[in-house]
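*Asks:* You'll find model.cif just under this line, and it carries mmCIF, C-alpha atoms and all ligand atoms.
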```cif
data_structure
#
loop_
_atom_site.label_atom_id
_atom_site.label_comp_id
_atom_site.auth_asym_id
_atom_site.auth_seq_id
_atom_site.Cartn_x
_atom_site.Cartn_y
_atom_site.Cartn_z
CA MET A 25 21.13 1.95 1.38
CA LYS A 26 24.14 -0.29 0.93
CA VAL A 27 24.40 -3.74 -0.66
CA ASP A 28 27.95 -5.09 -0.57
CA GLY A 29 29.27 -1.55 -0.15
CA ARG A 30 27.31 -0.19 -3.16
CA HIS A 31 24.39 2.19 -2.80
CA PHE A 32 21.08 0.86 -4.09
CA ARG A 33 17.50 2.01 -4.14
CA SER A 34 14.63 -0.46 -4.35
CA ILE A 35 13.38 1.06 -7.65
CA TRP A 36 14.84 3.44 -10.24
CA LEU A 37 14.42 4.78 -13.75
CA GLU A 38 16.93 3.02 -16.01
CA ASP A 39 19.48 4.92 -18.12
CA ASP A 40 17.36 4.33 -21.24
CA GLY A 41 15.00 6.91 -19.72
CA TRP A 42 11.85 4.77 -19.87
CA THR A 43 12.16 1.28 -18.37
CA VAL A 44 12.18 0.81 -14.62
CA GLY A 45 14.60 -1.31 -12.59
CA ALA A 46 13.63 -2.88 -9.27
CA ILE A 47 15.15 -5.36 -6.87
CA ASP A 48 13.19 -8.62 -7.10
CA GLN A 49 12.22 -9.09 -3.45
CA ARG A 50 10.80 -12.55 -4.09
CA ARG A 51 14.35 -13.84 -4.53
CA LEU A 52 15.88 -12.33 -1.38
CA PRO A 53 17.72 -13.20 0.78
CA HIS A 54 19.09 -16.02 -1.35
CA GLU A 55 19.64 -14.21 -4.64
CA PHE A 56 20.08 -10.54 -5.57
CA VAL A 57 18.28 -10.10 -8.89
CA VAL A 58 17.28 -6.88 -10.65
CA ALA A 59 14.02 -7.00 -12.61
CA ARG A 60 13.06 -4.82 -15.58
CA ILE A 61 9.58 -3.31 -15.64
CA ALA A 62 8.65 -2.24 -19.18
CA SER A 63 4.86 -1.86 -19.22
CA ALA A 64 1.93 -1.01 -16.98
CA GLU A 65 1.13 -4.73 -17.02
CA ASP A 66 4.64 -5.52 -15.73
CA ALA A 67 4.22 -2.93 -12.96
CA THR A 68 0.85 -4.42 -11.98
CA GLU A 69 2.27 -7.92 -11.89
CA ALA A 70 5.32 -6.73 -9.91
CA ILE A 71 3.00 -5.35 -7.23
CA ARG A 72 0.60 -8.31 -7.31
CA SER A 73 3.32 -10.97 -7.13
CA MET A 74 5.27 -9.00 -4.47
CA LEU A 75 8.36 -8.57 -6.63
CA VAL A 76 8.01 -5.11 -5.07
CA ARG A 77 6.14 -4.64 -1.79
CA GLY A 78 5.78 -2.29 1.14
CA ALA A 79 3.25 0.54 0.98
CA PRO A 80 5.53 3.39 -0.18
CA LEU A 81 7.28 1.24 -2.79
CA ILE A 82 3.93 0.01 -4.11
CA GLY A 83 2.97 3.68 -4.58
CA ALA A 84 6.20 4.53 -6.44
CA THR A 85 5.83 1.45 -8.66
CA ALA A 86 2.25 2.39 -9.51
CA ALA A 87 3.38 5.90 -10.50
CA TYR A 88 5.97 4.43 -12.88
CA GLY A 89 3.27 2.04 -14.11
CA MET A 90 1.11 5.00 -15.12
CA ALA A 91 4.05 6.58 -16.96
CA LEU A 92 4.66 3.32 -18.82
CA ALA A 93 0.96 3.11 -19.69
CA MET A 94 1.04 6.65 -21.14
CA ARG A 95 4.07 5.73 -23.25
CA THR A 96 2.04 3.02 -24.97
CA ASP A 97 -1.20 4.97 -25.27
CA ALA A 98 -1.80 8.42 -23.80
CA SER A 99 -5.56 8.50 -24.38
CA ASP A 100 -8.15 9.07 -21.64
CA ALA A 101 -9.36 5.49 -22.04
CA ALA A 102 -5.84 4.11 -21.56
CA LEU A 103 -5.37 6.29 -18.50
CA ASP A 104 -8.57 4.97 -16.95
CA ARG A 105 -7.65 1.37 -17.81
CA ALA A 106 -4.16 1.65 -16.30
CA TYR A 107 -5.57 3.32 -13.16
CA ALA A 108 -8.09 0.52 -12.62
CA MET A 109 -5.64 -2.27 -13.38
CA LEU A 110 -2.93 -0.95 -11.04
CA LEU A 111 -5.42 -0.14 -8.27
CA ALA A 112 -6.67 -3.74 -8.28
CA ALA A 113 -3.15 -5.16 -7.78
CA ARG A 114 -3.28 -5.11 -3.95
CA PRO A 115 -6.03 -3.83 -1.62
CA THR A 116 -4.65 -2.69 1.71
CA ALA A 117 -1.79 -0.20 1.26
CA ILE A 118 -3.39 3.19 0.62
CA ASN A 119 -0.19 4.57 -0.97
CA LEU A 120 -1.23 2.72 -4.14
CA LYS A 121 -4.40 4.78 -4.50
CA TRP A 122 -2.63 7.93 -3.35
CA ALA A 123 0.01 7.63 -6.09
CA LEU A 124 -2.55 6.77 -8.78
CA ASP A 125 -4.71 9.74 -7.78
CA GLU A 126 -1.65 12.02 -7.90
CA MET A 127 -0.87 10.82 -11.42
CA ALA A 128 -4.46 10.95 -12.67
CA ARG A 129 -5.02 14.46 -11.25
CA LEU A 130 -1.93 15.70 -13.06
CA LEU A 131 -2.49 13.87 -16.36
CA ARG A 132 -6.24 14.21 -16.99
CA PRO A 133 -6.24 17.95 -17.80
CA LEU A 134 -3.20 17.64 -20.11
CA PRO A 135 -3.40 17.03 -23.86
CA ALA A 136 -2.32 13.48 -24.77
CA SER A 137 0.86 14.83 -26.42
CA GLU A 138 2.14 16.14 -23.05
CA ARG A 139 1.19 13.21 -20.87
CA VAL A 140 4.22 10.94 -21.27
CA ALA A 141 6.82 13.53 -20.26
CA ALA A 142 4.64 14.82 -17.40
CA ALA A 143 3.98 11.30 -16.13
CA TYR A 144 7.65 10.36 -16.02
CA ARG A 145 8.52 13.66 -14.32
CA ARG A 146 5.93 13.10 -11.58
CA ALA A 147 6.81 9.42 -11.11
CA VAL A 148 10.48 10.30 -10.57
CA GLU A 149 9.39 13.07 -8.21
CA ILE A 150 7.16 10.72 -6.18
CA ALA A 151 10.14 8.38 -5.75
CA GLU A 152 12.42 11.28 -4.73
CA GLU A 153 9.80 12.64 -2.32
CA ASP A 154 9.61 9.25 -0.65
CA VAL A 155 13.34 9.37 0.06
CA THR A 156 13.08 12.90 1.51
CA ILE A 157 10.04 11.96 3.61
CA ASN A 158 11.83 8.94 5.06
CA GLN A 159 14.86 11.04 5.94
CA GLY A 160 12.46 13.33 7.84
CA ILE A 161 10.98 10.32 9.66
CA GLY A 162 14.55 9.28 10.44
CA ARG A 163 15.40 12.61 12.03
CA HIS A 164 12.28 12.69 14.21
CA GLY A 165 12.67 9.05 15.24
CA LEU A 166 16.35 9.56 15.99
CA ALA A 167 15.38 11.88 18.85
CA LEU A 168 13.60 8.93 20.53
CA ILE A 169 16.66 6.71 20.22
CA GLU A 170 18.90 9.51 21.53
CA GLN A 171 16.67 9.97 24.59
CA ILE A 172 16.92 6.27 25.44
CA THR A 173 20.68 6.23 24.74
CA ALA A 174 21.09 8.89 27.42
CA THR A 175 19.65 6.44 30.00
CA LYS A 176 22.03 3.59 29.06
CA ARG A 177 25.41 2.60 30.42
CA PRO A 178 28.30 3.36 28.01
CA GLY A 179 28.36 0.85 25.16
CA GLU A 180 24.94 -0.59 25.99
CA PRO A 181 22.68 -0.65 22.91
CA VAL A 182 19.16 0.66 22.51
CA ASN A 183 17.04 -2.42 21.71
CA VAL A 184 14.39 -1.77 19.08
CA LEU A 185 11.81 -4.39 18.11
CA THR A 186 10.33 -4.31 14.61
CA HIS A 187 7.81 -6.41 12.72
CA CYS A 188 7.63 -7.26 9.02
CA ASN A 189 9.81 -5.24 6.67
CA ALA A 190 9.38 -1.50 6.88
CA GLY A 191 12.97 -1.02 5.80
CA TRP A 192 14.46 0.58 2.70
CA LEU A 193 13.21 -2.32 0.60
CA ALA A 194 9.61 -1.40 1.48
CA THR A 195 10.20 2.19 0.39
CA VAL A 196 12.44 3.81 -2.23
CA ASP A 197 15.26 4.27 0.29
CA TRP A 198 15.89 4.50 4.07
CA GLY A 199 12.64 2.78 5.06
CA THR A 200 10.07 4.11 7.49
CA ALA A 201 10.57 2.13 10.73
CA THR A 202 14.24 1.65 9.91
CA ALA A 203 15.07 5.27 8.99
CA PRO A 204 15.70 6.29 12.64
CA ILE A 205 17.69 3.08 13.14
CA TYR A 206 19.95 3.64 10.11
CA LEU A 207 20.46 7.26 11.09
CA ALA A 208 21.32 6.35 14.68
CA HIS A 209 23.71 3.62 13.51
CA ASP A 210 25.39 5.92 10.97
CA ARG A 211 25.90 8.52 13.72
CA GLY A 212 27.65 6.00 15.92
CA LEU A 213 24.86 5.34 18.44
CA LYS A 214 24.63 1.76 19.66
CA VAL A 215 21.43 0.18 18.34
CA HIS A 216 20.37 -3.44 18.23
CA VAL A 217 17.23 -4.60 16.40
CA TRP A 218 15.01 -7.54 17.36
CA VAL A 219 13.68 -8.64 13.97
CA ASP A 220 10.36 -10.54 14.05
CA GLU A 221 10.57 -13.25 11.39
CA THR A 222 7.00 -12.34 10.30
CA ARG A 223 5.32 -15.52 9.19
CA PRO A 224 3.87 -16.49 6.81
CA ARG A 225 6.03 -14.76 4.21
CA ASN A 226 8.96 -14.04 6.49
CA GLN A 227 9.57 -10.46 5.41
CA GLY A 228 11.46 -9.88 8.67
CA ALA A 229 13.74 -12.89 8.42
CA SER A 230 14.25 -12.58 4.66
CA LEU A 231 14.26 -8.84 4.05
CA THR A 232 14.74 -6.80 7.24
CA ALA A 233 17.56 -9.04 8.43
CA TRP A 234 19.12 -8.95 4.95
CA GLU A 235 19.11 -5.20 4.68
CA LEU A 236 20.22 -4.53 8.26
CA GLY A 237 23.04 -7.05 7.80
CA HIS A 238 24.22 -5.43 4.57
CA HIS A 239 24.26 -2.05 6.26
CA GLY A 240 26.11 -3.41 9.30
CA VAL A 241 23.35 -2.83 11.86
CA PRO A 242 23.47 -5.35 14.77
CA HIS A 243 20.28 -7.41 14.82
CA THR A 244 18.80 -10.73 15.94
CA VAL A 245 16.00 -12.58 14.16
CA ILE A 246 13.35 -13.94 16.54
CA PRO A 247 10.27 -16.11 16.02
CA ASP A 248 7.15 -13.97 15.96
CA ASN A 249 6.02 -15.21 19.37
CA THR A 250 9.12 -14.04 21.23
CA GLY A 251 8.40 -10.31 21.61
CA GLY A 252 6.19 -10.59 24.70
CA HIS A 253 8.83 -12.55 26.58
CA LEU A 254 11.54 -10.04 25.67
CA MET A 255 9.36 -7.15 26.77
CA GLN A 256 8.61 -8.78 30.15
CA HIS A 257 12.36 -9.05 30.72
CA ARG A 258 13.08 -5.41 29.81
CA MET A 259 14.97 -6.48 26.69
CA VAL A 260 13.05 -4.14 24.38
CA ASP A 261 13.41 -0.36 24.81
CA LEU A 262 10.95 0.56 22.11
CA ALA A 263 9.03 -0.95 19.23
CA ILE A 264 8.91 0.79 15.85
CA VAL A 265 6.78 -0.66 13.06
CA GLY A 266 5.67 0.54 9.66
CA THR A 267 2.14 0.74 8.33
CA ASP A 268 0.13 0.21 5.18
CA ARG A 269 -2.67 2.57 6.10
CA VAL A 270 -3.47 4.85 9.04
CA ALA A 271 -7.09 5.90 9.52
CA ALA A 272 -7.79 9.53 10.39
CA ASN A 273 -8.50 8.49 14.02
CA GLY A 274 -4.98 7.04 14.35
CA ASP A 275 -5.85 3.32 13.97
CA VAL A 276 -2.89 1.61 12.32
CA CYS A 277 -3.10 -1.18 9.78
CA ASN A 278 0.11 -3.17 9.40
CA LYS A 279 1.38 -6.68 8.78
CA ILE A 280 -0.54 -9.41 10.61
CA GLY A 281 0.74 -9.80 14.17
CA THR A 282 1.43 -6.10 14.75
CA TYR A 283 -1.65 -5.85 17.00
CA LEU A 284 -0.33 -8.60 19.30
CA LYS A 285 3.00 -6.78 19.61
CA ALA A 286 1.18 -3.58 20.52
CA LEU A 287 -0.82 -5.43 23.21
CA ALA A 288 2.35 -6.88 24.69
CA ALA A 289 4.05 -3.48 24.58
CA HIS A 290 1.06 -1.86 26.31
CA ASP A 291 1.05 -4.50 29.05
CA ASN A 292 4.77 -4.01 29.67
CA GLY A 293 5.01 -0.22 29.37
CA VAL A 294 7.18 -0.44 26.25
CA PRO A 295 6.73 2.57 23.93
CA PHE A 296 5.10 1.47 20.68
CA TYR A 297 5.72 3.81 17.74
CA VAL A 298 4.51 3.67 14.16
CA ALA A 299 6.60 5.30 11.43
CA LEU A 300 4.68 6.57 8.43
CA PRO A 301 4.95 8.85 5.44
CA SER A 302 1.96 11.17 4.98
CA PRO A 303 0.71 9.35 1.82
CA THR A 304 -0.09 6.42 4.15
CA ILE A 305 -2.76 8.45 5.99
CA ASP A 306 -6.30 7.78 4.78
CA PHE A 307 -8.29 10.82 5.87
CA SER A 308 -11.43 9.37 4.26
CA ILE A 309 -11.93 6.80 7.03
CA ASP A 310 -12.27 7.14 10.79
CA ASP A 311 -12.38 3.56 11.97
CA GLY A 312 -9.49 1.37 10.89
CA ILE A 313 -10.93 -1.89 12.21
CA ARG A 314 -14.22 -1.57 10.35
CA GLN A 315 -13.12 0.26 7.24
CA ILE A 316 -9.69 -0.93 6.12
CA PRO A 317 -9.90 -3.86 3.68
CA ILE A 318 -7.68 -6.70 4.88
CA GLU A 319 -5.99 -8.64 2.11
CA GLN A 320 -6.35 -12.41 2.28
CA ARG A 321 -3.48 -14.10 0.50
CA SER A 322 -2.83 -17.55 -0.88
CA ALA A 323 -2.93 -20.53 1.47
CA ASP A 324 0.40 -21.60 -0.07
CA GLU A 325 2.20 -18.86 1.87
CA VAL A 326 1.17 -20.53 5.15
CA ALA A 327 1.34 -24.16 4.03
CA ASN A 328 4.77 -23.85 2.41
CA MET A 329 8.18 -22.51 3.34
CA THR A 330 11.03 -21.63 1.01
CA GLY A 331 14.69 -21.75 1.93
CA ARG A 332 18.18 -22.72 0.88
CA THR A 333 19.20 -26.35 1.28
CA ALA A 334 22.59 -27.37 2.67
CA ASP A 335 23.85 -27.98 -0.87
CA GLY A 336 22.81 -24.50 -2.02
CA ARG A 337 19.50 -25.07 -3.82
CA VAL A 338 16.49 -22.84 -3.10
CA GLU A 339 13.53 -25.12 -2.43
CA THR A 340 9.95 -24.88 -1.23
CA VAL A 341 8.61 -27.49 1.16
CA ARG A 342 5.17 -28.06 2.68
CA VAL A 343 4.91 -27.70 6.47
CA VAL A 344 1.13 -28.21 6.92
CA PRO A 345 -0.62 -31.58 6.48
CA GLU A 346 -2.20 -32.06 3.06
CA GLY A 347 -5.88 -31.28 3.36
CA SER A 348 -5.74 -29.01 6.44
CA PRO A 349 -7.54 -25.74 5.69
CA VAL A 350 -5.40 -22.62 6.05
CA ALA A 351 -6.27 -18.95 6.64
CA ASN A 352 -3.93 -16.17 5.56
CA TYR A 353 -5.01 -12.69 6.68
CA ALA A 354 -2.12 -10.47 5.61
CA PHE A 355 -2.77 -7.44 7.87
CA ASP A 356 -4.37 -6.46 11.15
CA VAL A 357 -5.37 -3.17 12.75
CA THR A 358 -3.88 -1.83 15.96
CA PRO A 359 -6.31 0.57 17.66
CA ALA A 360 -4.96 4.08 18.18
CA ARG A 361 -5.18 3.68 21.99
CA LEU A 362 -2.30 1.16 21.86
CA VAL A 363 -0.02 3.44 19.81
CA THR A 364 2.36 5.69 21.77
CA GLY A 365 2.99 7.98 18.83
CA LEU A 366 3.23 8.36 15.07
CA ILE A 367 6.64 9.24 13.62
CA THR A 368 5.97 11.32 10.50
CA GLU A 369 8.08 13.55 8.28
CA ARG A 370 6.56 16.52 10.13
CA GLY A 371 7.31 15.29 13.62
CA LEU A 372 5.97 13.00 16.34
CA LEU A 373 2.20 13.07 16.48
CA ARG A 374 -0.44 11.73 18.79
CA PRO A 375 -2.52 9.03 17.07
CA GLU A 376 -5.68 11.10 16.68
CA ARG A 377 -7.51 13.06 14.00
CA ALA A 378 -6.79 16.54 15.39
CA ALA A 379 -3.02 15.94 15.47
CA LEU A 380 -2.92 14.38 11.99
CA ALA A 381 -5.15 17.06 10.50
CA SER A 382 -3.17 19.94 11.93
CA ALA A 383 0.15 18.43 10.75
CA PHE A 384 -1.18 17.67 7.25
CA PRO A 385 -3.94 20.24 6.55
CA GLU A 386 -3.49 19.91 2.77
CA ARG A 387 -4.30 16.18 2.98
CA SER A 388 -7.13 16.40 5.49
CA ALA A 389 -8.96 19.25 3.72
CA GLY A 390 -12.33 18.10 2.43
CA HIS A 391 -12.56 15.09 4.75
C1 LIG A 401 6.47 0.34 5.15
S1 LIG A 401 5.15 -0.66 4.65
C2 LIG A 401 4.56 -1.38 6.13
C3 LIG A 401 5.19 -2.69 6.45
O1 LIG A 401 5.44 -2.86 7.75
C4 LIG A 401 4.40 -3.81 5.97
O2 LIG A 401 3.23 -4.10 6.51
C5 LIG A 401 4.71 -4.23 4.65
O3 LIG A 401 5.83 -4.13 4.20
C6 LIG A 401 3.67 -4.84 3.89
O4 LIG A 401 4.02 -6.11 3.76
P1 LIG A 401 3.89 -6.90 2.42
O5 LIG A 401 5.17 -7.61 2.36
O6 LIG A 401 3.73 -5.91 1.31
O7 LIG A 401 2.68 -7.73 2.61
#
```
What would the structure in this file look like if it were written as structure tokens?

*Replies:*
Amino acid sequence: MKVDGRHFRSIWLEDDGWTVGAIDQRRLPHEFVVARIASAEDATEAIRSMLVRGAPLIGATAAYGMALAMRTDASDAALDRAYAMLLAARPTAINLKWALDEMARLLRPLPASERVAAAYRRAVEIAEEDVTINQGIGRHGLALIEQITATKRPGEPVNVLTHCNAGWLATVDWGTATAPIYLAHDRGLKVHVWVDETRPRNQGASLTAWELGHHGVPHTVIPDNTGGHLMQHRMVDLAIVGTDRVAANGDVCNKIGTYLKALAAHDNGVPFYVALPSPTIDFSIDDGIRQIPIEQRSADEVANMTGRTADGRVETVRVVPEGSPVANYAFDVTPARLVTGLITERGLLRPERAALASAFPERSAGH
């Protein structure tokens, strides 16, 4: 999508044909910095440190990481090492494992001499597929926004609430939850987004607001606790969130706090949709609450906040008393019963195994 009028993706293969460029998301919204990823170790660290983040982008980065690993050493042992190292970078988003399995399945049967070219080809393809998938999500989600637009007075916007960043920065382009929003906006429909700030790391305030602003989409940042109040006062027409992993039964794992939004939406009759690309479905599990590993991140993310001072410096300050213990669960699971529908590249689905399996038979086979 656009940054200062110029089209960007979150990750790309550089013109040298082997290094990888990525927007350093740790520096946004204060600085726009492009990072260079030149080894599998760099790719692992980029995922671990959240230079790149968001389930689909983590998958694309891991695919490039495997290509970079093959460039250094295309042996079976190197392939296994790179797979294990990248897989350990973050635990919750299943797209990481999906992308690594795609790469390993392709590369293992090939002779070492063919692995580098094949790995780069597939990594580029995985990134391109993500863009196409998100455009599909956009088209199916657009229908929901159009239906609500038809009930509005002329000029009145459709109010969408979102949580965390499931925008183009979390994917290769377009985003998952934001794809319908960008499409609606580009087609001239009136849309306004309530952007949850998403403590502790503020992906909503720092990233979603940044990207919506650069693309010209009207939005308002709200503290995380505001959604329930807005829903009670009919100020939210629908919620659309992203996800890091969807269990085969339709349970949705997403950024911490998503579950509370779904409860509030349920209590107020607000439709609650989850936008997801098919690589985010984990057909190997049937109970999201029991089976999805929830990442616990550093206490520093909760205890500290980073921002720009009045004189332009970016500084981190502590907001919790020294010595107070802190917990930082990064994700939660929203049970399928609270989800109105799943917006996928193959259409709107009910959050249940039968619907997911019949839409994606090639993924569900064997599970
Ligand atoms: C499109 S990925 C799903 C997002 O909503 C989300 O949970 C996410 O971006 C993950 O957050 P992260 O910043 O990687 O911890």

*Asks:* List the spatial neighbours of Met74 (chain A) as a list in words - criterion: any atom at most 10 Å away, only C-alpha atoms, same-chain residues fewer than 6 positions off excluded.

*Replies:*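 So, after excluding close chain neighbours, the residues are Asp48, Gln49, Arg50, Thr68, Ile82, Ala113 and Arg114 of chain A.
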
*Asks:* Which polymer residues have any atom within 10 Å of an atom of Ile172 (chain A), counting all atoms listed in the file, with same-chain residues fewer than 6 positions away left out, as a list in words?

*Replies:* Pro181, Val182, Asn183, Asp261 and Leu262 of chain A

*Asks:* Please write out the residues within 9 Å of ligand LIG 401 (chain A) as a PyMOL selection string, counting only C-alpha atoms and all ligand atoms.

*Replies:* chain A and resi 71+74+76-82+114+116-117+186-195+199-201+225-227+265-269+277-280+282+299-301+304+319+354-355

*Asks:* Can you work out the spacing between CA of Ala263 (chain A) and CA of Ile205 (chain A) in Å, to one decimal?

*Replies:*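 Separating CA of Ala263 (chain A) from CA of Ile205 (chain A) is a distance of 11.3 Å.
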
*Asks:* CA of His257 (chain A) and CA of Glu180 (chain A), how far apart in Å?

*Replies:*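 According to the coordinates, CA of Glu180 (chain A) and CA of His257 (chain A) are separated by 15.9 Å.
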